[in-house]
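Text of work12.tsv (TSV, N, CA and C atoms) as supplied:
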chain	number	residue	atom	x	y	z
V	1	GLN	N	-23.21	-165.75	-70.74
V	1	GLN	CA	-22.24	-166.83	-70.68
V	1	GLN	C	-20.98	-166.42	-71.42
V	2	VAL	N	-19.85	-166.57	-70.76
V	2	VAL	CA	-18.58	-166.21	-71.37
V	2	VAL	C	-18.12	-167.33	-72.29
V	3	GLN	N	-17.61	-166.95	-73.42
V	3	GLN	CA	-17.01	-167.91	-74.34
V	3	GLN	C	-15.56	-167.55	-74.58
V	4	LEU	N	-14.72	-168.56	-74.55
V	4	LEU	CA	-13.31	-168.41	-74.87
V	4	LEU	C	-13.01	-169.37	-76.02
V	5	VAL	N	-12.47	-168.84	-77.08
V	5	VAL	CA	-12.21	-169.65	-78.25
V	5	VAL	C	-10.72	-169.61	-78.56
V	6	GLU	N	-10.08	-170.78	-78.43
V	6	GLU	CA	-8.65	-170.89	-78.70
V	6	GLU	C	-8.41	-171.26	-80.16
V	7	SER	N	-7.26	-170.86	-80.63
V	7	SER	CA	-6.82	-171.25	-81.97
V	7	SER	C	-5.30	-171.16	-82.03
V	8	GLY	N	-4.72	-171.73	-83.08
V	8	GLY	CA	-3.29	-171.60	-83.30
V	8	GLY	C	-2.47	-172.83	-83.01
V	9	GLY	N	-3.09	-173.88	-82.48
V	9	GLY	CA	-2.33	-175.09	-82.22
V	9	GLY	C	-1.95	-175.79	-83.52
V	10	GLY	N	-1.13	-176.82	-83.37
V	10	GLY	CA	-0.73	-177.57	-84.55
V	10	GLY	C	0.48	-178.42	-84.28
V	11	LEU	N	1.06	-178.91	-85.36
V	11	LEU	CA	2.25	-179.75	-85.29
V	11	LEU	C	3.46	-178.94	-85.71
V	12	VAL	N	4.51	-179.00	-84.90
V	12	VAL	CA	5.72	-178.24	-85.18
V	12	VAL	C	6.93	-179.07	-84.76
V	13	GLN	N	8.04	-178.85	-85.41
V	13	GLN	CA	9.27	-179.54	-85.03
V	13	GLN	C	9.90	-178.88	-83.81
V	14	ALA	N	10.67	-179.66	-83.09
V	14	ALA	CA	11.40	-179.12	-81.95
V	14	ALA	C	12.23	-177.92	-82.39
V	15	GLY	N	12.22	-176.88	-81.56
V	15	GLY	CA	12.91	-175.66	-81.89
V	15	GLY	C	12.05	-174.64	-82.61
V	16	GLY	N	10.89	-175.06	-83.03
V	16	GLY	CA	9.99	-174.16	-83.76
V	16	GLY	C	9.15	-173.29	-82.85
V	17	SER	N	8.23	-172.57	-83.47
V	17	SER	CA	7.40	-171.61	-82.75
V	17	SER	C	5.94	-171.75	-83.15
V	18	LEU	N	5.08	-171.39	-82.22
V	18	LEU	CA	3.65	-171.30	-82.48
V	18	LEU	C	3.11	-170.14	-81.66
V	19	ARG	N	2.00	-169.59	-82.15
V	19	ARG	CA	1.30	-168.58	-81.37
V	19	ARG	C	-0.14	-169.02	-81.17
V	20	LEU	N	-0.54	-169.12	-79.93
V	20	LEU	CA	-1.92	-169.47	-79.60
V	20	LEU	C	-2.72	-168.20	-79.33
V	21	SER	N	-3.98	-168.23	-79.70
V	21	SER	CA	-4.88	-167.11	-79.46
V	21	SER	C	-6.07	-167.56	-78.65
V	22	CYS	N	-6.54	-166.69	-77.79
V	22	CYS	CA	-7.75	-166.94	-77.00
V	22	CYS	C	-8.64	-165.71	-77.11
V	23	ALA	N	-9.71	-165.85	-77.87
V	23	ALA	CA	-10.62	-164.74	-78.08
V	23	ALA	C	-11.79	-164.86	-77.10
V	24	ALA	N	-12.01	-163.80	-76.35
V	24	ALA	CA	-13.08	-163.78	-75.34
V	24	ALA	C	-14.31	-163.08	-75.89
V	25	SER	N	-15.47	-163.47	-75.35
V	25	SER	CA	-16.74	-162.91	-75.83
V	25	SER	C	-17.08	-161.59	-75.17
V	26	ARG	N	-16.21	-161.14	-74.26
V	26	ARG	CA	-16.40	-159.82	-73.67
V	26	ARG	C	-15.03	-159.25	-73.36
V	27	SER	N	-14.97	-158.03	-72.89
V	27	SER	CA	-13.71	-157.36	-72.64
V	27	SER	C	-12.80	-158.19	-71.72
V	28	ILE	N	-11.55	-158.34	-72.16
V	28	ILE	CA	-10.60	-159.10	-71.33
V	28	ILE	C	-10.31	-158.39	-70.02
V	29	PHE	N	-10.58	-157.09	-69.96
V	29	PHE	CA	-10.35	-156.36	-68.71
V	29	PHE	C	-11.48	-156.57	-67.70
V	30	SER	N	-12.51	-157.32	-68.09
V	30	SER	CA	-13.56	-157.67	-67.14
V	30	SER	C	-13.16	-158.88	-66.30
V	31	PHE	N	-12.03	-159.50	-66.65
V	31	PHE	CA	-11.53	-160.66	-65.91
V	31	PHE	C	-10.36	-160.24	-65.02
V	32	ASN	N	-10.29	-160.83	-63.84
V	32	ASN	CA	-9.17	-160.54	-62.95
V	32	ASN	C	-7.87	-161.13	-63.50
V	33	VAL	N	-8.01	-162.32	-64.04
V	33	VAL	CA	-6.84	-163.04	-64.54
V	33	VAL	C	-7.22	-163.79	-65.80
V	34	MET	N	-6.32	-163.81	-66.74
V	34	MET	CA	-6.46	-164.68	-67.91
V	34	MET	C	-5.16	-165.47	-68.05
V	35	GLY	N	-5.31	-166.73	-68.41
V	35	GLY	CA	-4.12	-167.54	-68.47
V	35	GLY	C	-4.23	-168.70	-69.42
V	36	TRP	N	-3.12	-169.36	-69.59
V	36	TRP	CA	-3.01	-170.56	-70.40
V	36	TRP	C	-2.57	-171.72	-69.51
V	37	TYR	N	-3.26	-172.82	-69.68
V	37	TYR	CA	-2.93	-174.07	-69.00
V	37	TYR	C	-2.68	-175.13	-70.07
V	38	ARG	N	-2.07	-176.21	-69.66
V	38	ARG	CA	-1.90	-177.32	-70.59
V	38	ARG	C	-2.04	-178.65	-69.86
V	39	GLN	N	-2.43	-179.64	-70.63
V	39	GLN	CA	-2.60	-180.98	-70.08
V	39	GLN	C	-2.08	-182.00	-71.07
V	40	ALA	N	-1.04	-182.70	-70.65
V	40	ALA	CA	-0.48	-183.78	-71.46
V	40	ALA	C	-1.18	-185.08	-71.09
V	41	PRO	N	-1.16	-186.07	-71.97
V	41	PRO	CA	-1.81	-187.34	-71.68
V	41	PRO	C	-1.32	-187.96	-70.37
V	42	GLY	N	-2.25	-188.33	-69.52
V	42	GLY	CA	-1.90	-188.98	-68.26
V	42	GLY	C	-1.39	-188.05	-67.19
V	43	GLN	N	-1.40	-186.76	-67.47
V	43	GLN	CA	-0.90	-185.79	-66.50
V	43	GLN	C	-1.99	-184.80	-66.10
V	44	GLU	N	-1.76	-184.13	-64.99
V	44	GLU	CA	-2.71	-183.13	-64.54
V	44	GLU	C	-2.55	-181.85	-65.34
V	45	ARG	N	-3.63	-181.10	-65.37
V	45	ARG	CA	-3.58	-179.80	-66.03
V	45	ARG	C	-2.69	-178.87	-65.21
V	46	GLU	N	-1.83	-178.11	-65.90
V	46	GLU	CA	-0.90	-177.24	-65.20
V	46	GLU	C	-0.93	-175.84	-65.78
V	47	LEU	N	-0.62	-174.88	-64.94
V	47	LEU	CA	-0.55	-173.50	-65.38
V	47	LEU	C	0.71	-173.30	-66.20
V	48	VAL	N	0.55	-172.62	-67.33
V	48	VAL	CA	1.69	-172.28	-68.19
V	48	VAL	C	2.06	-170.82	-68.01
V	49	ALA	N	1.07	-169.95	-68.13
V	49	ALA	CA	1.32	-168.52	-68.01
V	49	ALA	C	0.00	-167.82	-67.73
V	50	GLN	N	0.08	-166.69	-67.03
V	50	GLN	CA	-1.12	-165.92	-66.78
V	50	GLN	C	-0.78	-164.44	-66.68
V	51	VAL	N	-1.80	-163.63	-66.89
V	51	VAL	CA	-1.65	-162.19	-66.79
V	51	VAL	C	-2.84	-161.64	-66.03
V	52	THR	N	-2.58	-160.76	-65.08
V	52	THR	CA	-3.65	-160.15	-64.31
V	52	THR	C	-4.20	-158.93	-65.04
V	53	VAL	N	-5.33	-158.44	-64.57
V	53	VAL	CA	-5.93	-157.28	-65.19
V	53	VAL	C	-4.98	-156.08	-65.10
V	54	GLY	N	-4.12	-156.07	-64.10
V	54	GLY	CA	-3.15	-155.00	-63.94
V	54	GLY	C	-1.89	-155.18	-64.76
V	55	GLY	N	-1.80	-156.31	-65.46
V	55	GLY	CA	-0.66	-156.53	-66.35
V	55	GLY	C	0.48	-157.34	-65.75
V	56	ILE	N	0.29	-157.86	-64.56
V	56	ILE	CA	1.33	-158.69	-63.96
V	56	ILE	C	1.30	-160.07	-64.59
V	57	LYS	N	2.47	-160.53	-64.99
V	57	LYS	CA	2.56	-161.82	-65.67
V	57	LYS	C	3.38	-162.79	-64.84
V	58	ASN	N	3.02	-164.04	-64.91
V	58	ASN	CA	3.89	-165.06	-64.35
V	58	ASN	C	3.83	-166.32	-65.20
V	59	TYR	N	4.91	-167.07	-65.11
V	59	TYR	CA	5.11	-168.22	-65.98
V	59	TYR	C	5.55	-169.44	-65.18
V	60	ALA	N	5.23	-170.60	-65.71
V	60	ALA	CA	5.79	-171.82	-65.15
V	60	ALA	C	7.30	-171.82	-65.41
V	61	ASP	N	8.05	-172.40	-64.48
V	61	ASP	CA	9.50	-172.44	-64.63
V	61	ASP	C	9.92	-173.10	-65.94
V	62	SER	N	9.16	-174.10	-66.35
V	62	SER	CA	9.52	-174.88	-67.54
V	62	SER	C	9.42	-174.08	-68.84
V	63	VAL	N	8.71	-172.95	-68.81
V	63	VAL	CA	8.54	-172.19	-70.06
V	63	VAL	C	9.14	-170.80	-69.98
V	64	THR	N	9.62	-170.41	-68.82
V	64	THR	CA	10.20	-169.07	-68.65
V	64	THR	C	11.35	-168.87	-69.63
V	65	GLY	N	11.29	-167.74	-70.31
V	65	GLY	CA	12.31	-167.42	-71.29
V	65	GLY	C	11.99	-167.92	-72.69
V	66	ARG	N	11.00	-168.80	-72.80
V	66	ARG	CA	10.62	-169.34	-74.12
V	66	ARG	C	9.22	-168.91	-74.53
V	67	PHE	N	8.32	-168.77	-73.57
V	67	PHE	CA	6.93	-168.41	-73.84
V	67	PHE	C	6.66	-166.98	-73.36
V	68	THR	N	5.77	-166.30	-74.07
V	68	THR	CA	5.36	-164.96	-73.68
V	68	THR	C	3.84	-164.85	-73.78
V	69	ILE	N	3.22	-164.37	-72.73
V	69	ILE	CA	1.78	-164.11	-72.76
V	69	ILE	C	1.58	-162.61	-72.95
V	70	TYR	N	0.66	-162.25	-73.82
V	70	TYR	CA	0.35	-160.84	-74.01
V	70	TYR	C	-1.08	-160.73	-74.50
V	71	ARG	N	-1.59	-159.52	-74.52
V	71	ARG	CA	-3.01	-159.33	-74.81
V	71	ARG	C	-3.20	-158.16	-75.76
V	72	ASP	N	-4.31	-158.21	-76.46
V	72	ASP	CA	-4.75	-157.13	-77.34
V	72	ASP	C	-6.18	-156.80	-76.95
V	73	SER	N	-6.35	-155.72	-76.23
V	73	SER	CA	-7.67	-155.37	-75.73
V	73	SER	C	-8.63	-154.98	-76.84
V	74	THR	N	-8.10	-154.50	-77.95
V	74	THR	CA	-8.97	-154.11	-79.07
V	74	THR	C	-9.63	-155.32	-79.72
V	75	LYS	N	-9.01	-156.48	-79.52
V	75	LYS	CA	-9.55	-157.72	-80.08
V	75	LYS	C	-10.08	-158.65	-79.00
V	76	ASN	N	-10.04	-158.21	-77.75
V	76	ASN	CA	-10.45	-159.07	-76.62
V	76	ASN	C	-9.76	-160.42	-76.69
V	77	THR	N	-8.47	-160.39	-76.96
V	77	THR	CA	-7.72	-161.62	-77.21
V	77	THR	C	-6.44	-161.64	-76.38
V	78	VAL	N	-6.16	-162.82	-75.85
V	78	VAL	CA	-4.91	-163.07	-75.15
V	78	VAL	C	-4.12	-164.08	-75.97
V	79	TYR	N	-2.84	-163.84	-76.08
V	79	TYR	CA	-1.98	-164.68	-76.90
V	79	TYR	C	-0.93	-165.39	-76.05
V	80	LEU	N	-0.47	-166.50	-76.56
V	80	LEU	CA	0.68	-167.19	-75.98
V	80	LEU	C	1.67	-167.45	-77.10
V	81	GLU	N	2.74	-166.70	-77.09
V	81	GLU	CA	3.81	-166.88	-78.07
V	81	GLU	C	4.76	-167.93	-77.52
V	82	MET	N	4.95	-169.00	-78.28
V	82	MET	CA	5.78	-170.12	-77.82
V	82	MET	C	6.96	-170.30	-78.77
V	83	ASN	N	8.15	-170.14	-78.25
V	83	ASN	CA	9.37	-170.29	-79.03
V	83	ASN	C	10.21	-171.43	-78.47
V	84	SER	N	11.17	-171.87	-79.26
V	84	SER	CA	12.08	-172.94	-78.84
V	84	SER	C	11.30	-174.12	-78.26
V	85	LEU	N	10.30	-174.54	-78.98
V	85	LEU	CA	9.43	-175.60	-78.49
V	85	LEU	C	10.16	-176.91	-78.36
V	86	LYS	N	9.77	-177.66	-77.35
V	86	LYS	CA	10.37	-178.95	-77.05
V	86	LYS	C	9.29	-180.04	-77.11
V	87	PRO	N	9.68	-181.28	-77.33
V	87	PRO	CA	8.68	-182.36	-77.34
V	87	PRO	C	7.86	-182.41	-76.05
V	88	GLU	N	8.46	-182.05	-74.95
V	88	GLU	CA	7.73	-182.08	-73.68
V	88	GLU	C	6.69	-180.96	-73.55
V	89	ASP	N	6.65	-180.07	-74.51
V	89	ASP	CA	5.59	-179.05	-74.55
V	89	ASP	C	4.32	-179.59	-75.20
V	90	THR	N	4.38	-180.80	-75.72
V	90	THR	CA	3.21	-181.41	-76.35
V	90	THR	C	2.08	-181.58	-75.33
V	91	ALA	N	0.91	-181.03	-75.65
V	91	ALA	CA	-0.23	-181.07	-74.74
V	91	ALA	C	-1.42	-180.40	-75.42
V	92	VAL	N	-2.56	-180.53	-74.76
V	92	VAL	CA	-3.70	-179.69	-75.13
V	92	VAL	C	-3.59	-178.43	-74.29
V	93	TYR	N	-3.65	-177.30	-74.95
V	93	TYR	CA	-3.53	-176.01	-74.28
V	93	TYR	C	-4.92	-175.38	-74.14
V	94	TYR	N	-5.20	-174.93	-72.93
V	94	TYR	CA	-6.50	-174.35	-72.60
V	94	TYR	C	-6.34	-172.91	-72.14
V	95	CYS	N	-7.27	-172.10	-72.55
V	95	CYS	CA	-7.37	-170.74	-72.06
V	95	CYS	C	-8.33	-170.72	-70.88
V	96	ARG	N	-8.00	-169.93	-69.89
V	96	ARG	CA	-8.86	-169.82	-68.71
V	96	ARG	C	-8.96	-168.36	-68.31
V	97	SER	N	-10.17	-167.95	-67.93
V	97	SER	CA	-10.35	-166.61	-67.41
V	97	SER	C	-11.10	-166.70	-66.09
V	98	SER	N	-10.84	-165.74	-65.22
V	98	SER	CA	-11.53	-165.74	-63.94
V	98	SER	C	-11.98	-164.33	-63.61
V	99	SER	N	-13.15	-164.28	-62.97
V	99	SER	CA	-13.72	-163.01	-62.55
V	99	SER	C	-14.43	-163.26	-61.24
V	100	GLY	N	-13.84	-162.75	-60.15
V	100	GLY	CA	-14.38	-163.06	-58.84
V	100	GLY	C	-14.29	-164.55	-58.57
V	101	LEU	N	-15.42	-165.15	-58.23
V	101	LEU	CA	-15.45	-166.58	-57.95
V	101	LEU	C	-15.77	-167.41	-59.18
V	102	SER	N	-15.98	-166.77	-60.30
V	102	SER	CA	-16.33	-167.48	-61.54
V	102	SER	C	-15.10	-167.67	-62.40
V	103	TYR	N	-15.04	-168.79	-63.06
V	103	TYR	CA	-13.96	-169.01	-64.02
V	103	TYR	C	-14.52	-169.77	-65.22
V	104	TYR	N	-13.80	-169.61	-66.33
V	104	TYR	CA	-14.27	-170.14	-67.59
V	104	TYR	C	-13.10	-170.77	-68.33
V	105	TRP	N	-13.41	-171.82	-69.08
V	105	TRP	CA	-12.40	-172.52	-69.87
V	105	TRP	C	-12.77	-172.51	-71.34
V	106	GLY	N	-11.76	-172.47	-72.16
V	106	GLY	CA	-11.96	-172.69	-73.58
V	106	GLY	C	-11.98	-174.18	-73.86
V	107	GLN	N	-12.15	-174.51	-75.13
V	107	GLN	CA	-12.29	-175.92	-75.51
V	107	GLN	C	-10.95	-176.63	-75.68
V	108	GLY	N	-9.88	-175.88	-75.76
V	108	GLY	CA	-8.55	-176.45	-75.89
V	108	GLY	C	-8.08	-176.52	-77.32
V	109	THR	N	-6.78	-176.45	-77.49
V	109	THR	CA	-6.16	-176.59	-78.80
V	109	THR	C	-4.91	-177.46	-78.65
V	110	GLN	N	-4.75	-178.40	-79.57
V	110	GLN	CA	-3.65	-179.36	-79.46
V	110	GLN	C	-2.36	-178.76	-80.00
V	111	VAL	N	-1.31	-178.93	-79.23
V	111	VAL	CA	0.04	-178.58	-79.67
V	111	VAL	C	0.89	-179.85	-79.62
V	112	THR	N	1.48	-180.18	-80.74
V	112	THR	CA	2.32	-181.36	-80.83
V	112	THR	C	3.70	-180.96	-81.34
V	113	VAL	N	4.73	-181.28	-80.58
V	113	VAL	CA	6.09	-180.94	-80.95
V	113	VAL	C	6.85	-182.23	-81.24
V	114	SER	N	7.30	-182.37	-82.47
V	114	SER	CA	8.01	-183.58	-82.86
V	114	SER	C	9.52	-183.40	-82.67
V	115	SER	N	10.18	-184.50	-82.35
V	115	SER	CA	11.63	-184.43	-82.10
V	115	SER	C	12.42	-184.66	-83.37
Whole structure, structure tokens version:
Amino acid sequence: QVQLVESGGGLVQAGGSLRLSCAASRSIFSFNVMGWYRQAPGQERELVAQVTVGGIKNYADSVTGRFTIYRDSTKNTVYLEMNSLKPEDTAVYYCRSSSGLSYYWGQGTQVTVSS
């Protein structure tokens, strides 16, 4: 069973930065894609950023230029560096990995951006 453990959420003022971590229980290169999603209250879960096993990255339009996804294979960890945070970035952030037809979710970490 794959485990994904997120950390790094918290409360930050608008304009601030946070770094989220997603530690996987096995090699991150065993997954086709790893990504970050978020879900705000009353809204659907949405893709924020993802990276393929080949290193291709893509981002939601709303975070392009502010967020960066990157990985450290030595730690089996994927990170989401979030800069210039806005109140509308407030959500629970989830890590997701997929391998073939299987996918896995972390438990989520709360990010709150105050104005």
Q. So how many Å separate atom C of V:Trp105 and atom C of V:Val92, to one decimal?
A.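 Between atom C of V:Trp105 and atom C of V:Val92 the gap works out to 11.3 Å.
Our summary of the geometry notes that atom N of V:Phe67 is positioned 14.2 Å from atom CA of V:Val111.
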Q. Which distance in Å separates atom CA of V:Lys57 and atom CA of V:Ser114, to one decimal?
A. 28.3 Å
**Q.** DSSP-assigned strand (DSSP E or B) members of chain V, reported as number ranges by chain
**A.** V: 4-7, 10-13, 18-24, 33-39, 46-52, 57-59, 67-72, 77-82, 91-99, 102-105, 109-114
(Q) When you count all atoms listed in the file, which of these residues is closest to V:Ser84: V:Gln43, V:Ser17, V:Asn32, V:Ser27? (A) V:Ser17
**Q.** For V:Asp89, the nearest of the candidates V:Asp61, V:Asp72, V:Thr112, V:Gly16, counting all atoms listed in the file
**A.**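 With all atoms listed in the file as the atom set, the closest residue is V:Thr112.
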(Q) Excluding V:Gly9 and its own-chain neighbours fewer than 6 positions away, which residues fall within 6.5 Å of it when counting only N, CA and C atoms? Please give them as JSON, numbers by chain. (A) {"V": [19, 20, 21, 109, 110, 111, 112]}
Could the residues in this selection be written to a file with N, CA and C atoms, as a JSON list (two decimals), keeping the file's coordinate frame?
[["chain", "number", "residue", "atom", "x", "y", "z"],
["V", 19, "ARG", "N", 2.00, -169.59, -82.15],
["V", 19, "ARG", "CA", 1.30, -168.58, -81.37],
["V", 19, "ARG", "C", -0.14, -169.02, -81.17],
["V", 20, "LEU", "N", -0.54, -169.12, -79.93],
["V", 20, "LEU", "CA", -1.92, -169.47, -79.60],
["V", 20, "LEU", "C", -2.72, -168.20, -79.33],
["V", 21, "SER", "N", -3.98, -168.23, -79.70],
["V", 21, "SER", "CA", -4.88, -167.11, -79.46],
["V", 21, "SER", "C", -6.07, -167.56, -78.65],
["V", 109, "THR", "N", -6.78, -176.45, -77.49],
["V", 109, "THR", "CA", -6.16, -176.59, -78.80],
["V", 109, "THR", "C", -4.91, -177.46, -78.65],
["V", 110, "GLN", "N", -4.75, -178.40, -79.57],
["V", 110, "GLN", "CA", -3.65, -179.36, -79.46],
["V", 110, "GLN", "C", -2.36, -178.76, -80.00],
["V", 111, "VAL", "N", -1.31, -178.93, -79.23],
["V", 111, "VAL", "CA", 0.04, -178.58, -79.67],
["V", 111, "VAL", "C", 0.89, -179.85, -79.62],
["V", 112, "THR", "N", 1.48, -180.18, -80.74],
["V", 112, "THR", "CA", 2.32, -181.36, -80.83],
["V", 112, "THR", "C", 3.70, -180.96, -81.34]]
Q: Using only N, CA and C atoms, determine which residues lie at most 7 Å from V:Ala49, disregarding the query and same-chain residues fewer than 5 positions distant; provide the list as a list in words.
A: Met34, Gly35, Trp36, Tyr37, Lys57, Asn58, Tyr59, Ala60 and Ile69 of chain V
Q.
Counting only N, CA and C atoms, which residues have an atom no more than 6.5 Å from (0.9, -164.9, -76.4) in the file's coordinates? Please list them as a PyMOL selection string.
A. chain V and resi 19-20+68-71+78-82
(Q) I'd like the contact shell of V:Val2 - 10 Å cut-off, only C-alpha atoms, skipping same-chain residues fewer than 4 positions apart - returned as a ChimeraX atom specification. (A) /V:24-26,97,103-106
Q.
For the helix (DSSP H, G or I) assignment from backbone DSSP, which residues of stretch 5-106 of chain V qualify? Please present them as a PyMOL selection string.
A. chain V and resi 28-30+87-89
Q. Looking at all atoms listed in the file, which of V:Ile56, V:Lys86, V:Gly42, V:Gly8 is the one that sits closest to V:Ser115?
A. V:Lys86
Q: May I ask which of the residues V:Ser62, V:Ser98, V:Gln1, V:Thr74 is the closest one to V:Phe31, counting only N, CA and C atoms?
A: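 Smallest separation from V:Phe31 among the options: V:Ser98.
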Give as a PDB file with N, CA and C atoms, in the frame of the given file every residue, naming chains and numbers as the document does, that has an atom within 6 Å of (-15.6, -174.0, -77.4), counting only N, CA and C atoms.
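So the final result, stored in point_27.pdb, reads:
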ATOM      1  N   LEU V   4     -14.720-168.560 -74.550  1.00  0.00           N
ATOM      2  CA  LEU V   4     -13.310-168.410 -74.870  1.00  0.00           C
ATOM      3  C   LEU V   4     -13.010-169.370 -76.020  1.00  0.00           C
ATOM      4  N   VAL V   5     -12.470-168.840 -77.080  1.00  0.00           N
ATOM      5  CA  VAL V   5     -12.210-169.650 -78.250  1.00  0.00           C
ATOM      6  C   VAL V   5     -10.720-169.610 -78.560  1.00  0.00           C
ATOM      7  N   GLY V 106     -11.760-172.470 -72.160  1.00  0.00           N
ATOM      8  CA  GLY V 106     -11.960-172.690 -73.580  1.00  0.00           C
ATOM      9  C   GLY V 106     -11.980-174.180 -73.860  1.00  0.00           C
ATOM     10  N   GLN V 107     -12.150-174.510 -75.130  1.00  0.00           N
ATOM     11  CA  GLN V 107     -12.290-175.920 -75.510  1.00  0.00           C
ATOM     12  C   GLN V 107     -10.950-176.630 -75.680  1.00  0.00           C
TER      13      GLN V 107
END
Q | Nearest to V:Leu101 by atom-to-atom distance, counting only C-alpha atoms, from V:Thr52, V:Glu46, V:Ala40, V:Val33 | A | V:Val33
